[in-house]
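Asker: One structure is given below, represented as structure tokens, and several questions about it will come after.
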Amino acid sequence: MQQKTLFDTAHGVLSHTVLDVRNVGVTYGSREVMHDVTFSVTQGDFITIVGPSGCGKTTLLRAMAGLTTPTTGSVRFKDGAIGEPHAEVAVVFQDYNRALLPWRTVSGNIALALEARRIPRAEHAGRIAALLARVGLASYADHFPKALSGGLQQRVQIARALAQEPEVLLMDEPFGALDAMTRQRLQDEILAIWGSTPTTVVFITHDLEEAIYLGNRIIVLEANPGRIGADIRVDLPRPRNQLATREDERFLAIRHRLFGLLSSE
Amino acid sequence: MNARLAAIARAAVLPLAIFAVWEVLARAHALPDSLSRPSAIAGALGGELLDGSLFAMAGQTLVAATAGWLLGGALAIALGIAIGTIPLLRITVGPALELMRSVPPVALIPIALLAFGLGPKLEILMVAFAVFWPVVIFTAGGVRAIDPRMLEVARALRFSPLERALRFVLPAAAQRIAVGLRVGAGIALVVAVTTEIIANPSGIGYGIAFSATTLRPDQTFADLLALAVVGFAINALLVGGERRLFAWANA
Amino acid sequence: MRVLPGLAFIVAVVALTELACDAHLVSPAIVPAPHDIWTALVAGIGSGELWAPIRATIAHLLLGWFAACALGVALGALVGLTAFGRAYVAPTLEFLRPLPASAIAPVGLLLIGRNDLMIVAVIVFGAIWPVLLGSMHGFATVEPRLHEVSRTLQLSPAHALRSIAIPSALPDIIAGARVSIAIALILAVVAEILASTGGLGDWLNLAERSYRAPDLYAGVLLVGLIGVATNAGLVRLEAYVLRWKESPAWQ
């Protein structure tokens, strides 16, 4: 907890870079989808990336995940360039119903990450139980994904991502397909998870308020082609509160600013 | 256009490669004589095309298959409509139909042989029997899926049962019936050929069996290839036809 | 209770047939009296005369079907999972699909001769198609998102095959296997008729030639029984393997 406040207020002076996005550009055929995006992700950050549809948010995340290679520029993770997915970078997709294995139970889905890391079978039960407790799924261990609501399914995906014990957690509009109330609950949950682990989170969203609520830093992408419009520090106090924080005048100020930036499209 | 040609070219690579290797190995006497070789097969095929025997055989098979398909299909549609609209009939006859359905038609060929002897009648009736099952099931299913209110309206308007069947039930269940008929058509060809192989001395199936038993491998493979083409063509026709006829439903 | 009308209908048909036979309305050479069929069945099984053909057919069926499934899944994986396979091999397989499988039987006779190997080989060649195509389709339609999940989790190719590709393709594979076993039974009968070396097909053929109608019908019943039993078994298996697909309770 001490660590988080330091990073938040000291603007990352004492921290080190985990992900370095350098001059990333993506062109499909003759269409330039992303142009010269550069920023660094500091350890312990909770960065939200927000922008209108078509600004390439997902393209950027996929490049950061190593799922696609940018046409120009590179993404570097600590030691070297990311060309393929990195073991320390976990991804949570928006379409949870397609990202989970329907033929495995909740426990089985989480176990997949442990199996991939060659963690001994004997340790699985303990680790899975701990992860389920962290995301609030303890009573759903033996359910199949199809029997769960959207919010619960997304928690399973998050638990699976956490099972990787990643340095960086990339999340692609993870709450976009959920209803407002579930979304708010999961927002607080992801903040709690981030607060209790040394994980860095990069969170993509199209929801302005979500971006401000969650992050300590907001990267605004403009569209056609995708490029950085602004890089905003968020100084709101933690822990965040759905009512108090959203009514804070600093929150509203940032909201005004984002609105202005994005509606001039 | 280019993409399509490229796809066809890619598709042809494997068969051409197999034929080439086959030819070379056969000429080097590395293969048993019973396997023949592509050049001999092509020759046999050409011969059959030129003297019209291939068309005669194919014609016999197709005529028998079509006749059986029409006969079985018509009976099945009639019974299917009856079963679909009269619940008591469905409950009574249903289990018996399920039982009959699970007997493979081929097992009944010997019985049909006893009853009808060799000849086209045997084949047509076998095909009709085999086609009957999918068509009756799809028809009954299609009829049962009709909105009952529409049928009530028809009854209220005092249409006779026959008129109700023709004017209301049939058009509404048409798409499901068409699917059943398509499945039936596929079965028709298979059963026709199987009957020819075992019993009826006419058609491509008989051609293949005859060539095999008289130890003419080149002719056997030639007829087999011809059958593959016929089967492929019919399947393509059916799929395309159904798609076009019911484009409005699938849109 | 719901079974009653259906059962009653079947009993009625059997009873009417018995009466018709007694009254000599039908020729016993074509439609034997049900009680004669029953006698033939019991006598055949009791004396052991029917056991050998039953065992032979079941052996051919299961051996051929297992081999067809194993080969079908392996080939289907190779073709469905690789872009090369989909572009170069799949089209040839699609072309061969509508070929009536029974046409392979005479070819098998030509190449292998009259023996058990020929029968099993014919079954494998014909029964492989539904499993192969189902497997191909299953492997080719694995959810692309899961492919990305596999990459981000850093699953080894073998692990991904085991835990993602195969479970994903399993429903299609099993659906294919169900059709496959039905085809396997048909081909077993056809091949046994042509080979004349034993099995129920041979039994049916011999019974027909010597006008032993009760024996013939008894054999047909057994073939139907085998078909029903194998299908029921696979339906059970399918339900067990796919139990994760049941619709969610909360929806």
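Convention: chains lettered A, B, ... in structure tokens order; per-chain residue numbering from 1; ligands numbered from 1 as shown.
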Taking only C-alpha atoms into account, report as a ChimeraX atom specification which residues of chain A lie within 8 Å of chain C.
Answerer: /A:65,67,85-87,89-91,98-104,113,116,144,146-149,164
Asker: When you get a sec, could you note down which chain C residues fall within 8 Å of chain B, using only C-alpha atoms, as number ranges by chain?
Answerer: C: 2-3, 5-10, 29-30, 87-92, 95-103, 106-107, 109-111, 182, 185-186, 189-190, 193-194, 201, 204-205, 208, 211, 213, 216-217, 220-221, 223-225, 227-228
Asker: Of the residues C:Leu117, C:Ile128, C:Ile37, C:Trp65, which is the one nearest to Leu93 of chain C, using only C-alpha atoms?
Answerer: C:Ile128
